[in-house]
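Since the structure comes first, as C-alpha cells, the remarks are kept for the end.
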Protein chains: 6
Amino acid sequence: MRIRVINPNTTASMTTLIEVSARAVAGPGVVVEAVTPAMGPASIESHYDEALAVPGLLAEIIAGERDGADGHVIACFGDPGLDAAREIASGPVVGIAEAAMHAATLVGRGFSVVTTLGRTAGRAHDLARRYTATGACKGVHACEIPVLELETDPTVLPRVVALARHALDHDGSDVIVLGCAGMAGLCADVSRRVGVPVIDGVTAATLLVQSLVTLGLGTSKRDEYAPPLVKAYSGRLSDFMQPGRDGSRQGGVRAKEGLV
Amino acid sequence: MRIRVINPNTTASMTTLIEVSARAVAGPGVVVEAVTPAMGPASIESHYDEALAVPGLLAEIIAGERDGADGHVIACFGDPGLDAAREIASGPVVGIAEAAMHAATLVGRGFSVVTTLGRTAGRAHDLARRYTATGACKGVHACEIPVLELETDPTVLPRVVALARHALDHDGSDVIVLGCAGMAGLCADVSRRVGVPVIDGVTAATLLVQSLVTLGLGTSKRDEYAPPLVKAYSGRLSDFMQPGRDGSRQGGVRAKEGLV
Amino acid sequence: MRIRVINPNTTASMTTLIEVSARAVAGPGVVVEAVTPAMGPASIESHYDEALAVPGLLAEIIAGERDGADGHVIACFGDPGLDAAREIASGPVVGIAEAAMHAATLVGRGFSVVTTLGRTAGRAHDLARRYTATGACKGVHACEIPVLELETDPTVLPRVVALARHALDHDGSDVIVLGCAGMAGLCADVSRRVGVPVIDGVTAATLLVQSLVTLGLGTSKRDEYAPPLVKAYSGRLSDFMQPGRDGSRQGGVRAKEGLV
Amino acid sequence: MRIRVINPNTTASMTTLIEVSARAVAGPGVVVEAVTPAMGPASIESHYDEALAVPGLLAEIIAGERDGADGHVIACFGDPGLDAAREIASGPVVGIAEAAMHAATLVGRGFSVVTTLGRTAGRAHDLARRYTATGACKGVHACEIPVLELETDPTVLPRVVALARHALDHDGSDVIVLGCAGMAGLCADVSRRVGVPVIDGVTAATLLVQSLVTLGLGTSKRDEYAPPLVKAYSGRLSDFMQPGRDGSRQGGVRAKEGLV
Amino acid sequence: MRIRVINPNTTASMTTLIEVSARAVAGPGVVVEAVTPAMGPASIESHYDEALAVPGLLAEIIAGERDGADGHVIACFGDPGLDAAREIASGPVVGIAEAAMHAATLVGRGFSVVTTLGRTAGRAHDLARRYTATGACKGVHACEIPVLELETDPTVLPRVVALARHALDHDGSDVIVLGCAGMAGLCADVSRRVGVPVIDGVTAATLLVQSLVTLGLGTSKRDEYAPPLVKAYSGRLSDFMQPGRDGSRQGGVRAKEGLV
Amino acid sequence: MRIRVINPNTTASMTTLIEVSARAVAGPGVVVEAVTPAMGPASIESHYDEALAVPGLLAEIIAGERDGADGHVIACFGDPGLDAAREIASGPVVGIAEAAMHAATLVGRGFSVVTTLGRTAGRAHDLARRYTATGACKGVHACEIPVLELETDPTVLPRVVALARHALDHDGSDVIVLGCAGMAGLCADVSRRVGVPVIDGVTAATLLVQSLVTLGLGTSKRDEYAPPLVKAYSGRLSDFMQPGRDGSRQGGVRAKEGLV
C-alpha cells in the first residue's frame, strides 16, 4: 500500500517532519511518501495562504493518482482543497483536522483545539462544525506562534502545554487536538504533561487512510465527487485538466505530462 | 463609487452578460466594471474548478484594491475565495450566492435554488447553511444544463421555469433563487411566469456592495480578516505577495507590478 | 421611489432622528418618509410594549400601501410585526435588526449587539437565530440606558464605546451592531473610536428596501404572506380589515377611510 | 385554584367549546373560566390576525391577574402574545401549541401537526423549533378548512382522520397534534380511529397550568419576564399601562378600571 | 388512578423521600406508589451506574404494568432506560429530567441545572439537547456532593443556594432545575432564597403523568415504541421476556411469575 | 496488540461471523478476539433488548481490561453501553455505528443507512446526530429482516442491494452504511453491485481501535469518563463493582473473580 502525505505549504523541512511522524505509525508494508508542492505559500496562516496552496496541492493529488498511490493525506490543519481533491482522487483523501477531530470524539466527551495563530480559529470552528456534531469542539485556543517558528522556538513545548491546561479547565474538555501539522512532534510530550489524550492529525490521518484502503474504500464517484467535467483552464493554470468520466482509470484522473 | 464585479471563470462573454446585468441596477454615479481573470477554468462546475478559479480571482481583488475600487462582487454562485478575498480587501466583498440568499429571506418565508448541474447542489446547501438560518433554504434543484450552454441553449428558459414551478410545489417554498451567474438574464422572465420573486445574485450583490459602500462599511480588519502576514510564495504563484499590516493603505493590499 | 420608515413607537422626536438618518443614505430620487403611529407605547422595551406597538404599525403599513409606497422599513430593533406587515404589503418590508444583522455578516466573521436594556437581549438572540446562521451573533450586551434617554443622556457615547470594546474582546467578534433605532446617530462616532465596522439598522434597512425595489422584488404572495382572509374585527380594532385576494391592487391592501 | 382560558379570537361559540373541553379535564376544586376578548379578529388565520388578537388577549391577562386568577391558558395554536403575557402575569401562562407539542414528545418519538390552513404551517414549524428539540416535529399538514367552519362542517372528522393517517405514513411519526383550538372536540374520535395518541392543546395546557400552580411555580420575574417598565401608551391603546415594579402585587400587574 | 414512581437506585431511604414528595402534589384519588428495584447500584453517579440500574428499573415497569398501574415516573435525573421503558409500557412513562426541563421552559426564558457531581454534567447536557430547543439550557453546575450525602450533609442547602445564585448570574438564566431526585426536598427552600422558580423533577413528573393519564394518553405503540419482539434472554437475565404483540393487554407486557 | 470485539447479543454464530470479519482486516501482529456475553438477549432489535444487553457487555469490558486487552469494539449497530464502557476501560472503545458513520463521511458527501427493522431507525438517527454533523446522514431504510435471519435467509443480499439503490436515489446520498453487525459479510457484494462505497462497522471499528492503540490513545480519564466511584450493587448484579481511582491499573478496572 502506498500513501502520499501532502504538505500543502512549500517548506521542505516541514515536509520532512511530517514524513517522519507519518512513517512512525504506518503499518508493515505501507509505504508513506511525503511531498512538497511546486507552488504556493511557505506556510498557511490565512484564508489567502490556504487558497494559494490549493493548486499546488491538487497537482500533487493528480501526480499521486497517476503514480498509483492508494490514498492521500492533506497535512495542513485547515484541510485545504479537500472537496476538490476528492473529486480527482479514486482512493480516499483525508485531512488532518478531519482525522484529529474524529479521533478526539472517540476517546473523550469534548475536545479543545490548541493552534498557532488566533486568526485561524474561525477556520477551526468551521471545520469542527463540518466534521463533528454540535458541541464536540469546546474551544479553540491560539499560542500565537507562527507556523514556521514551531520548529525552532524553544518555548513552544511549555507554551503549548500551558495553553492545553488552560483549555481543559476553561472549556471543560477532556481531549486536546493539536491544530497544526507542525506540532506533530509535540504530541507525546504534551500528552504526558497534561494527562489527557493529545491528538496529532498527521498520524491520525495516515492511519485513517491506511484503514480505508485496507477496507477497500475509495472516494465515492456518485454525483458530487465524480471526476470534474473536462474543460479548458487558462493562463498559468492551463496545464490543469482532467479526462473526467472517459479517463482510463475508473473514477480517476490523468494529467498532461510535466504538470507542476 | 467604483464597484468591481469579478467573473471568476475565464469566459469573456459571460463577463459581458454579468456587466450588463450589474450596470442595469447600479445607482447614478456608480461605476461598475466587470473583469475576467487571467487564469483559471472556462466555467465553474465542481470543487476542482472552483479551487483553480481562486488564484485568478484573488489577483483581480488585489488589482481592484490597488486601483481604488470601493467594493467587489464575486460573480459565481459558489462564492469562491470569499474569505480569502475579504482578507486582502479593505472595501466590502460580497458573493452572489450570499447576496441572493439574503435577499430571498427578505421577501419570502423559504426559498428554492434552481441551479445548473446536480453535482453542485451540495455546495449550494453548504452556502445556505453558512449564510442563512436553518430551514430558510428548502431545496436545490438542477436543470442539468452546463454553465456555458446557458447562453445558447434555446430551451433554457422553459426548462428553468418548469423546474422553478416544480421546486415551489415540492419544497413548499415561495421564492426562487437562480443558482448561476449565467442565469442573470432570465430573472425577470422567470419571475413573470412563475409569479413569485425570483432572485439573481449578480444584481443583488451589486446593490448590496453599493449599499455597504454608501454606509461607509468595509471589511473588518480585526482578527480573521486582517491582511495576511507577509511571506514567500513559490513557483508559478511567486508574484502573489502582500505587504500586510505595514502596507501603504490601511487594511489594504499592494502587489508587485505586473501580477497576473 | 417612495420608502416609508415606520417608527413603531409614538415618540415623534425619535421619528425625526430616524428620518434624518434614513434620508442621509437614500439614493437620488428616493423619497424617504418617516412616520409615527397614532397608537401605541412611547418606547419599546419589552414584549408587552412590542405587542401593543404592532396595531399602530400595521395601520401605517396599510396607509403606506394605500398611498403607493414602494417599500417599508420597521424601525425598531425588535422588528415588531414583521410577518404581519409582510402579509399586507405588496412591496418589501424590512426590519432594522434583520438589515443590521445581515450587513454584519457581510463585513466580518462574527458580530456583537450593543443594545439598551438587558431585558431585551433575549429578543435579540431570537432574531439572530431567525436571520443568521448559527454562531454569527457572538453576544448581546446591554448598556442599561432606557430608549428615550438615548437622545439626551450625555454619557451615551462613551458608555456605548466602552461596551462595544468590551463586547469585541469578550465575544471574539469583529463587527458591532447597534441594537436600537435610537442609536442611529452614534454609528459613525462609535466606529471611529472602536476601529471596526459599526452597523445601524435604520440606514442599513433603508438601503436594503431601496435595493429590493430597484430589483423589482416585492413580498412573495404565495402561501404564508398572501393577503389575510377577509373577516370581522371587533371592538376598538373594528376598522382593521383587508379586502384580501379580491382587492384592487395585486397582493395589496385597501383599508377603510380614516383608519387610525 | 382558578385558571383562565383565553380564547384569543372574538367568536363566543368557540370560547364555549374551549371551556367545555378544559373543564372536562380539570381536577376537583379547579375553577376554569374561558373568556372572549373585547377586541380583535373573529378567527386567527394569519400573522395579521394574530397581531390584532394580542391587545385584547393582554387585556384579559391583566383582568385575570387583577381578579386573582392563578394561571392562564392562551387557547390559539399560534400561541399569540405568549412572551408579552408572561411579562404581565405572576402566575404561569401556557400556550396550547406549547402544551400539545410538549405532551407529544412524552408519548411518542415524533409528532405530526394536523392543522386548518396551509398558510399557518410556517408558524407551526416556528413554534416547534422554539418548544421542542430538532426533529421532534416531523411534519405539518393542513386540511384547508377555515377555523370557523370546524364547528359546522360535517366533513371535518373524516377529513382530519384521513389527513392524520396520511401524516403518520408520510412523516414516519407516531403521535398527532391537533393544530387548532377549534379541533378540541375531535380529539377522542380521531385517536380512536387512527390508533395513536392524538393531542389537543386546550386540555393539555389546562392540565399543565394546573400542575404548575400545584407545584407553586409562577412566571420567573428575573430579567426578561419582569413586569414591563411604566410608560405612556397613546391613542386607542392609552388605557394599557402597568405599574411595574412598584405595583401592589409582587411581579403583578394592576390596570385602570374599565380597561377593555 | 395509580402512578408508580420508580427510584432506579436501590437505596430505600431515597425511595421514601421520593414518595413523600410525589404524594404531596398528586391530585385527590391518585394513588402514588414509589418502589425500589431488586437489583442495581446504591446510587447513580456515572453512565456505568445508570446502565446497571436499567434492568431492575425495567423489571419494575413490567411489574407495574402487570399490576395495572396507569403510568410510571423514572425518578433519577439521568432518565435511565426511558426508551426501553416506553416500549414495554402501555401507559405514559416520564423521566424527571424530562419533566423538570419541560416545566422550566414554561416559566422562564432559560434555565440552569444545579446537580450533584460534575462528571454527570455531560449527561444533563445530552438530555437538554434531547428534550428542549437549542439554548434553553444555559448551564449545568455541580455542587460535588455525592447523591447519598444529600440526605445527611447539613451544608447541602446553603451550598445549593449559593450555586443556584452563581448559576443565575453566570448563565443569565431565570429558572433553576434541581439535577437529582435526592434534592426534591430542597425545592421550596431554594426557591424562597434565590427568588426564581426552582423545579424538582419528581413532583413535576408525577403531575405530568397524572395529566397524561387524565387526557387518556398512553405511549404510542406505532413503530419505535411498539412492544419488543419475543425472544430468549440468557444467563441471569433469562426471566426477562415479553409476550409482545400477542400479549393479553393491548400494547402491554406480561412477565413470568417471580421476576426480580 | 490485542483487540476484543464484543458481540453484545448472546448468539454465538453471530460472534463467529463478527470475528471472521474483524480478523480479515486486522494488521499483522494484531490479535482479534470476539466474545459473547454470558447474559442478555439473543438479538438486539429494540431499546429493551439493548438495555438488557448492556450488563453482559460491561462484564466483557471488565474481563478484557483485566486480561490486558488494548482496546474494545462494541459490535452492535446501536452502540449499546458505549459511555459506560468508556468509563471502565483504559484503552479505546469504539462502537460499530460510530466507526461506520465516521468512515462514511470520509469517502462521500452523505450516507444512507440500510438496516434491519424499521423500529430501530430512530436509534440510528439519534446516533447519527451524536456522531456526525447535521445533514451527513441522509436517510435510514429498513429491509424488515430480523437480525437472526440475516445469516440464513437467501433473499438477504438482493433485498439489501435493492434497498441500497433505492436509498441512494431517494436520499441523494453517495455512500451506504450497513446498519447491523450481522450484515458484515454482505459488504463487498453490495458495494460491487451498487457501485458506491459500502461500509460495515465491524471492520471499520476494528481498524479504528487498532489505529487508536497504535497512536497511543486511550479513553480520557478526565471528568466524565473517569472510573466510576466505588459503591455497592445489589441483587443479581451484586458482583459488579469497580475499584475506581484507587485501582491497581491507572484508569483501569478490576473486578471480583468469577464475574459473569
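In the C-alpha cells, chains take letters A, B, ... by order of appearance, with residues numbered from 1 within each chain and ligands from 1 in the order shown.
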
Please tabulate, as a tab-separated table, the residues of chain D that come within 9 Å of chain C, each with its closest pair of atoms and the distance in Å to one decimal, counting only C-alpha atoms and ordering rows by chain, then residue number upward.
residue	atom	partner	partner_atom	distance
D:Thr10	CA	C:Ser234	CA	7.1
D:Pro37	CA	C:Gly235	CA	9.0
D:Ala38	CA	C:Gly235	CA	5.8
D:Met39	CA	C:Gly235	CA	4.2
D:Gly40	CA	C:Ser234	CA	5.1
D:Pro41	CA	C:Tyr233	CA	4.2
D:Ala42	CA	C:Ala232	CA	5.7
D:Ser43	CA	C:Lys231	CA	7.8
D:Glu45	CA	C:Pro228	CA	7.5
D:Ser46	CA	C:Pro228	CA	6.0
D:His47	CA	C:Ala84	CA	4.6
D:Tyr48	CA	C:Ala84	CA	4.3
D:Asp49	CA	C:Pro228	CA	7.7
D:Glu50	CA	C:Ala84	CA	8.1
D:Ala51	CA	C:Val54	CA	6.6
D:Leu52	CA	C:Pro55	CA	6.2
D:Val54	CA	C:Ala51	CA	6.6
D:Pro55	CA	C:Leu52	CA	6.2
D:Leu58	CA	C:Tyr48	CA	8.3
D:Gly81	CA	C:Ala51	CA	6.9
D:Leu82	CA	C:His47	CA	8.9
D:Asp83	CA	C:His47	CA	6.0
D:Ala84	CA	C:Tyr48	CA	4.3
D:Ala85	CA	C:Tyr48	CA	7.2
D:Arg86	CA	C:Tyr48	CA	8.9
D:Glu87	CA	C:Tyr48	CA	6.9
D:Ile88	CA	C:Tyr48	CA	7.7
D:Gly118	CA	C:Asp223	CA	7.2
D:Arg119	CA	C:Glu224	CA	4.4
D:Thr120	CA	C:Glu224	CA	6.7
D:Ala121	CA	C:Glu224	CA	8.0
D:Gly122	CA	C:Glu224	CA	7.1
D:Arg123	CA	C:Glu224	CA	8.9
D:Arg222	CA	C:Arg119	CA	9.0
D:Asp223	CA	C:Arg119	CA	5.2
D:Glu224	CA	C:Arg119	CA	4.4
D:Tyr225	CA	C:Arg119	CA	7.7
D:Ala226	CA	C:Arg119	CA	8.0
D:Pro227	CA	C:Ser46	CA	8.7
D:Pro228	CA	C:Ser46	CA	6.0
D:Leu229	CA	C:Glu45	CA	7.6
D:Lys231	CA	C:Ala42	CA	6.7
D:Ala232	CA	C:Ala42	CA	5.7
D:Tyr233	CA	C:Pro41	CA	4.2
D:Ser234	CA	C:Met39	CA	4.7
D:Gly235	CA	C:Met39	CA	4.2
D:Arg236	CA	C:Met39	CA	6.0
D:Leu237	CA	C:Gly40	CA	6.1
D:Ser238	CA	C:Gly40	CA	7.3
D:Phe240	CA	C:Leu52	CA	8.5
D:Val260	CA	C:Gly235	CA	8.6

Give me a file of those residues, with N, CA and C atoms, as a short mmCIF file (atom, residue, chain, number, x, y, z; two decimals), in the first residue's frame.
data_model
loop_
_atom_site.label_atom_id
_atom_site.label_comp_id
_atom_site.auth_asym_id
_atom_site.auth_seq_id
_atom_site.Cartn_x
_atom_site.Cartn_y
_atom_site.Cartn_z
N THR D 10 -62.56 36.43 18.80
CA THR D 10 -63.76 37.04 19.41
C THR D 10 -65.05 36.27 19.12
N PRO D 37 -62.04 38.01 24.32
CA PRO D 37 -61.58 39.40 24.38
C PRO D 37 -62.62 40.37 23.81
N ALA D 38 -62.49 41.60 24.21
CA ALA D 38 -63.42 42.64 23.76
C ALA D 38 -63.03 43.25 22.43
N MET D 39 -61.88 42.91 21.92
CA MET D 39 -61.47 43.45 20.61
C MET D 39 -60.62 42.39 19.92
N GLY D 40 -60.63 42.46 18.57
CA GLY D 40 -59.78 41.54 17.82
C GLY D 40 -60.53 40.80 16.74
N PRO D 41 -59.86 39.86 16.08
CA PRO D 41 -60.42 39.16 14.92
C PRO D 41 -61.38 38.04 15.31
N ALA D 42 -62.29 37.76 14.42
CA ALA D 42 -63.26 36.68 14.65
C ALA D 42 -62.59 35.31 14.62
N SER D 43 -61.48 35.20 13.94
CA SER D 43 -60.69 33.96 13.94
C SER D 43 -59.26 34.34 13.62
N GLU D 45 -56.08 33.35 11.50
CA GLU D 45 -55.63 32.51 10.39
C GLU D 45 -54.48 33.16 9.63
N SER D 46 -53.79 34.08 10.26
CA SER D 46 -52.67 34.76 9.62
C SER D 46 -51.86 35.45 10.71
N HIS D 47 -50.67 35.88 10.35
CA HIS D 47 -49.88 36.68 11.29
C HIS D 47 -50.62 37.98 11.62
N TYR D 48 -51.29 38.52 10.63
CA TYR D 48 -52.03 39.77 10.80
C TYR D 48 -53.13 39.60 11.84
N ASP D 49 -53.92 38.53 11.68
CA ASP D 49 -54.95 38.25 12.67
C ASP D 49 -54.34 38.09 14.06
N GLU D 50 -53.25 37.36 14.09
CA GLU D 50 -52.61 37.08 15.37
C GLU D 50 -52.17 38.37 16.05
N ALA D 51 -51.56 39.26 15.26
CA ALA D 51 -51.09 40.52 15.83
C ALA D 51 -52.24 41.35 16.39
N LEU D 52 -53.36 41.34 15.67
CA LEU D 52 -54.50 42.13 16.13
C LEU D 52 -55.25 41.45 17.28
N VAL D 54 -53.66 40.21 19.87
CA VAL D 54 -52.85 40.27 21.09
C VAL D 54 -53.30 41.36 22.07
N PRO D 55 -53.62 42.57 21.65
CA PRO D 55 -54.05 43.56 22.66
C PRO D 55 -55.24 43.08 23.48
N LEU D 58 -54.08 40.51 25.89
CA LEU D 58 -53.32 41.04 27.03
C LEU D 58 -54.25 41.71 28.04
N GLY D 81 -48.91 36.27 21.57
CA GLY D 81 -48.69 37.13 22.73
C GLY D 81 -48.10 36.43 23.94
N LEU D 82 -47.54 35.24 23.77
CA LEU D 82 -47.11 34.45 24.92
C LEU D 82 -46.04 35.17 25.74
N ASP D 83 -45.01 35.72 25.08
CA ASP D 83 -43.95 36.39 25.84
C ASP D 83 -44.48 37.63 26.55
N ALA D 84 -45.31 38.40 25.86
CA ALA D 84 -45.87 39.60 26.48
C ALA D 84 -46.75 39.24 27.68
N ALA D 85 -47.54 38.19 27.51
CA ALA D 85 -48.41 37.77 28.61
C ALA D 85 -47.59 37.35 29.83
N ARG D 86 -46.49 36.69 29.58
CA ARG D 86 -45.65 36.26 30.71
C ARG D 86 -45.06 37.44 31.46
N GLU D 87 -44.80 38.52 30.77
CA GLU D 87 -44.28 39.70 31.46
C GLU D 87 -45.28 40.28 32.45
N ILE D 88 -46.55 40.21 32.09
CA ILE D 88 -47.55 40.87 32.94
C ILE D 88 -48.27 39.91 33.87
N GLY D 118 -53.10 25.88 5.26
CA GLY D 118 -51.70 25.71 4.92
C GLY D 118 -50.86 26.95 5.20
N ARG D 119 -51.44 28.12 5.12
CA ARG D 119 -50.68 29.34 5.33
C ARG D 119 -50.22 29.49 6.78
N THR D 120 -50.77 28.70 7.69
CA THR D 120 -50.32 28.77 9.07
C THR D 120 -49.24 27.73 9.39
N ALA D 121 -48.87 26.92 8.41
CA ALA D 121 -47.90 25.84 8.68
C ALA D 121 -46.54 26.40 9.11
N GLY D 122 -46.15 27.52 8.50
CA GLY D 122 -44.86 28.11 8.87
C GLY D 122 -44.81 28.49 10.33
N ARG D 123 -45.91 29.03 10.82
CA ARG D 123 -45.98 29.39 12.24
C ARG D 123 -45.84 28.15 13.11
N ARG D 222 -37.34 37.41 36.97
CA ARG D 222 -35.95 37.85 36.82
C ARG D 222 -35.71 38.20 35.35
N ASP D 223 -35.24 39.36 35.09
CA ASP D 223 -34.86 39.82 33.75
C ASP D 223 -36.01 39.88 32.74
N GLU D 224 -36.00 38.98 31.78
CA GLU D 224 -36.82 39.18 30.59
C GLU D 224 -38.32 39.22 30.86
N TYR D 225 -38.81 38.44 31.80
CA TYR D 225 -40.23 38.43 32.08
C TYR D 225 -40.60 39.30 33.29
N ALA D 226 -39.68 40.14 33.73
CA ALA D 226 -40.02 41.10 34.77
C ALA D 226 -41.16 42.00 34.27
N PRO D 227 -41.92 42.59 35.18
CA PRO D 227 -43.01 43.48 34.74
C PRO D 227 -42.46 44.59 33.84
N PRO D 228 -43.16 44.93 32.78
CA PRO D 228 -42.70 45.99 31.88
C PRO D 228 -42.54 47.31 32.65
N LEU D 229 -41.65 48.15 32.15
CA LEU D 229 -41.49 49.48 32.74
C LEU D 229 -42.75 50.29 32.53
N LYS D 231 -44.92 53.29 31.42
CA LYS D 231 -44.76 54.35 30.39
C LYS D 231 -46.12 54.69 29.81
N ALA D 232 -46.17 55.68 28.96
CA ALA D 232 -47.42 56.12 28.35
C ALA D 232 -47.71 55.31 27.09
N TYR D 233 -48.98 54.96 26.91
CA TYR D 233 -49.47 54.39 25.66
C TYR D 233 -50.44 55.38 25.06
N SER D 234 -50.44 55.49 23.74
CA SER D 234 -51.21 56.55 23.07
C SER D 234 -52.41 55.98 22.34
N GLY D 235 -53.28 56.90 21.95
CA GLY D 235 -54.39 56.57 21.08
C GLY D 235 -55.35 55.60 21.72
N ARG D 236 -55.88 54.73 20.88
CA ARG D 236 -56.89 53.79 21.37
C ARG D 236 -56.36 52.86 22.44
N LEU D 237 -55.05 52.72 22.54
CA LEU D 237 -54.47 51.79 23.50
C LEU D 237 -53.99 52.51 24.76
N SER D 238 -54.49 53.77 24.93
CA SER D 238 -53.93 54.59 26.01
C SER D 238 -54.26 54.09 27.41
N PHE D 240 -53.90 51.05 28.32
CA PHE D 240 -52.97 49.97 28.69
C PHE D 240 -51.82 50.60 29.47
N VAL D 260 -60.49 47.63 28.56
CA VAL D 260 -61.25 46.91 27.54
C VAL D 260 -62.74 47.29 27.59
#

Please provide as a tab-separated table (two decimals) with N, CA and C atoms, in the first residue's frame all residues within 6 Å of Val161 of chain A, with the sequence filter that same-chain residues fewer than 3 positions apart are discarded (counting only C-alpha atoms).
chain	number	residue	atom	x	y	z
A	158	PRO	N	6.64	24.30	26.33
A	158	PRO	CA	5.97	24.79	27.56
A	158	PRO	C	4.76	25.68	27.27
A	164	ALA	N	-2.73	24.16	26.69
A	164	ALA	CA	-3.58	22.96	26.74
A	164	ALA	C	-4.23	22.84	28.12
A	190	VAL	N	3.32	16.57	25.09
A	190	VAL	CA	2.18	17.32	25.65
A	190	VAL	C	1.24	16.37	26.39

Next on the checklist: Please extract the residues of segment 9-129 of chain B with a backbone DSSP assignment of alpha helix (DSSP H) and present them as a PyMOL selection string.
Outcome noted: chain B and resi 12-25+47-66+82-88+96-107+121-129

Checklist entry - Using the chain letters and numbers from this document, which residues of segment 3-201 of chain C does DSSP assign to strand (DSSP E), as an NGL selection string? => result :C and (3-6 or 31-35 or 40-41 or 71-74 or 93-95 or 111-115 or 137-142 or 175-178 or 198-199)

Filtering to C-alpha atoms, could you give me those residues as a PDB file, in the first residue's frame?
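Everything below was put into selection39.pdb:
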ATOM      1  CA  ILE C   3     -39.915  54.368   1.064  1.00  0.00           C
ATOM      2  CA  ARG C   4     -41.832  54.664   4.325  1.00  0.00           C
ATOM      3  CA  VAL C   5     -39.853  54.245   7.504  1.00  0.00           C
ATOM      4  CA  ILE C   6     -42.156  53.456  10.397  1.00  0.00           C
ATOM      5  CA  VAL C  31     -38.266  59.825  -1.228  1.00  0.00           C
ATOM      6  CA  VAL C  32     -37.989  58.713   2.376  1.00  0.00           C
ATOM      7  CA  GLU C  33     -40.832  59.459   4.745  1.00  0.00           C
ATOM      8  CA  ALA C  34     -40.719  58.541   8.412  1.00  0.00           C
ATOM      9  CA  VAL C  35     -43.996  58.188  10.265  1.00  0.00           C
ATOM     10  CA  GLY C  40     -49.010  52.506  20.974  1.00  0.00           C
ATOM     11  CA  PRO C  41     -46.208  52.837  23.504  1.00  0.00           C
ATOM     12  CA  GLY C  71     -41.416  49.632   0.407  1.00  0.00           C
ATOM     13  CA  HIS C  72     -41.432  49.812   4.188  1.00  0.00           C
ATOM     14  CA  VAL C  73     -38.870  49.842   6.984  1.00  0.00           C
ATOM     15  CA  ILE C  74     -39.807  48.803  10.518  1.00  0.00           C
ATOM     16  CA  VAL C  93     -40.809  45.159   4.286  1.00  0.00           C
ATOM     17  CA  VAL C  94     -37.505  45.020   6.169  1.00  0.00           C
ATOM     18  CA  GLY C  95     -36.831  45.249   9.882  1.00  0.00           C
ATOM     19  CA  PHE C 111     -20.904  40.352  15.418  1.00  0.00           C
ATOM     20  CA  SER C 112     -21.861  41.568  18.860  1.00  0.00           C
ATOM     21  CA  VAL C 113     -25.041  43.515  19.528  1.00  0.00           C
ATOM     22  CA  VAL C 114     -24.824  46.540  21.788  1.00  0.00           C
ATOM     23  CA  THR C 115     -28.317  47.372  22.974  1.00  0.00           C
ATOM     24  CA  CYS C 137     -24.133  36.509  16.641  1.00  0.00           C
ATOM     25  CA  LYS C 138     -21.492  36.111  19.293  1.00  0.00           C
ATOM     26  CA  GLY C 139     -23.082  38.130  22.080  1.00  0.00           C
ATOM     27  CA  VAL C 140     -25.625  40.731  23.140  1.00  0.00           C
ATOM     28  CA  HIS C 141     -24.601  43.431  25.604  1.00  0.00           C
ATOM     29  CA  ALA C 142     -26.804  46.000  27.274  1.00  0.00           C
ATOM     30  CA  VAL C 175     -18.320  43.854  13.997  1.00  0.00           C
ATOM     31  CA  ILE C 176     -20.708  45.814  16.234  1.00  0.00           C
ATOM     32  CA  VAL C 177     -24.453  46.019  15.623  1.00  0.00           C
ATOM     33  CA  LEU C 178     -26.297  48.844  17.388  1.00  0.00           C
ATOM     34  CA  VAL C 198     -20.425  49.502  13.359  1.00  0.00           C
ATOM     35  CA  ILE C 199     -23.848  48.976  11.893  1.00  0.00           C
TER      36      ILE C 199
END

Next on the checklist: So the first atom is atom CA of Met183 of chain E and the second is atom CA of Leu168 of chain E; what is the distance between them in Å, to one decimal place?
Outcome noted: 18.2 Å

Item to check | Near-Arg159 of chain C list (10 Å; only C-alpha atoms; drop same-chain fewer than 6 positions) as a PyMOL selection string | outcome: chain C and resi 143-145+165

Item to check | Point-to-point distance in Å for atom CA of Ala104 of chain E and atom CA of Asp79 of chain D | outcome: 17.5 Å

Next on the checklist: At a cut-off of 12 Å, using only C-alpha atoms, what residues contact Ala100 of chain E? Leave out same-chain residues fewer than 6 positions from it and give the result as an MDAnalysis selection string.
Outcome noted: (chainID D and resid 102 211:212 215 217) or (chainID E and resid 75:79 94 106:107 111:114 124 127:128 131:132 137 175:181 184 187 197:208)

Create the file for the chosen residues now, containing C-alpha atoms and written as a tab-separated table (two decimals), in the first residue's frame.
chain	number	residue	atom	x	y	z
D	102	HIS	CA	-44.55	19.03	24.89
D	211	SER	CA	-49.80	21.30	37.53
D	212	LEU	CA	-47.58	24.37	37.61
D	215	LEU	CA	-46.13	23.00	42.18
D	217	LEU	CA	-44.50	27.74	40.07
E	75	ALA	CA	-37.08	9.17	39.38
E	76	CYS	CA	-33.41	9.62	38.53
E	77	PHE	CA	-32.23	12.78	36.78
E	78	GLY	CA	-30.39	10.79	34.08
E	79	ASP	CA	-33.75	9.36	32.97
E	94	VAL	CA	-41.94	10.26	32.13
E	106	LEU	CA	-42.84	27.19	30.71
E	107	VAL	CA	-41.97	29.62	33.47
E	111	PHE	CA	-32.74	27.51	32.93
E	112	SER	CA	-29.62	26.35	34.75
E	113	VAL	CA	-29.27	22.88	36.19
E	114	VAL	CA	-27.79	22.54	39.67
E	124	ALA	CA	-27.54	16.63	31.68
E	127	LEU	CA	-30.78	15.30	27.93
E	128	ALA	CA	-31.34	19.03	27.49
E	131	TYR	CA	-35.85	17.46	25.44
E	132	THR	CA	-35.59	21.16	24.77
E	137	CYS	CA	-30.45	25.05	28.98
E	175	VAL	CA	-35.07	29.36	36.39
E	176	ILE	CA	-33.24	26.66	38.37
E	177	VAL	CA	-33.69	22.94	37.74
E	178	LEU	CA	-32.54	20.61	40.53
E	179	GLY	CA	-30.49	17.86	38.95
E	180	CYS	CA	-31.09	14.95	41.31
E	181	ALA	CA	-34.13	13.18	42.74
E	184	ALA	CA	-36.58	17.03	45.90
E	187	CYS	CA	-37.07	22.83	46.22
E	197	PRO	CA	-38.80	29.34	40.14
E	198	VAL	CA	-36.92	26.23	41.24
E	199	ILE	CA	-38.04	22.94	39.78
E	200	ASP	CA	-37.85	19.46	41.20
E	201	GLY	CA	-38.40	16.74	38.64
E	202	VAL	CA	-40.05	14.23	40.94
E	203	THR	CA	-43.08	16.38	41.58
E	204	ALA	CA	-43.11	17.75	38.03
E	205	ALA	CA	-43.04	14.26	36.53
E	206	THR	CA	-45.71	12.95	38.86
E	207	LEU	CA	-48.09	15.69	37.78
E	208	LEU	CA	-47.18	15.24	34.11
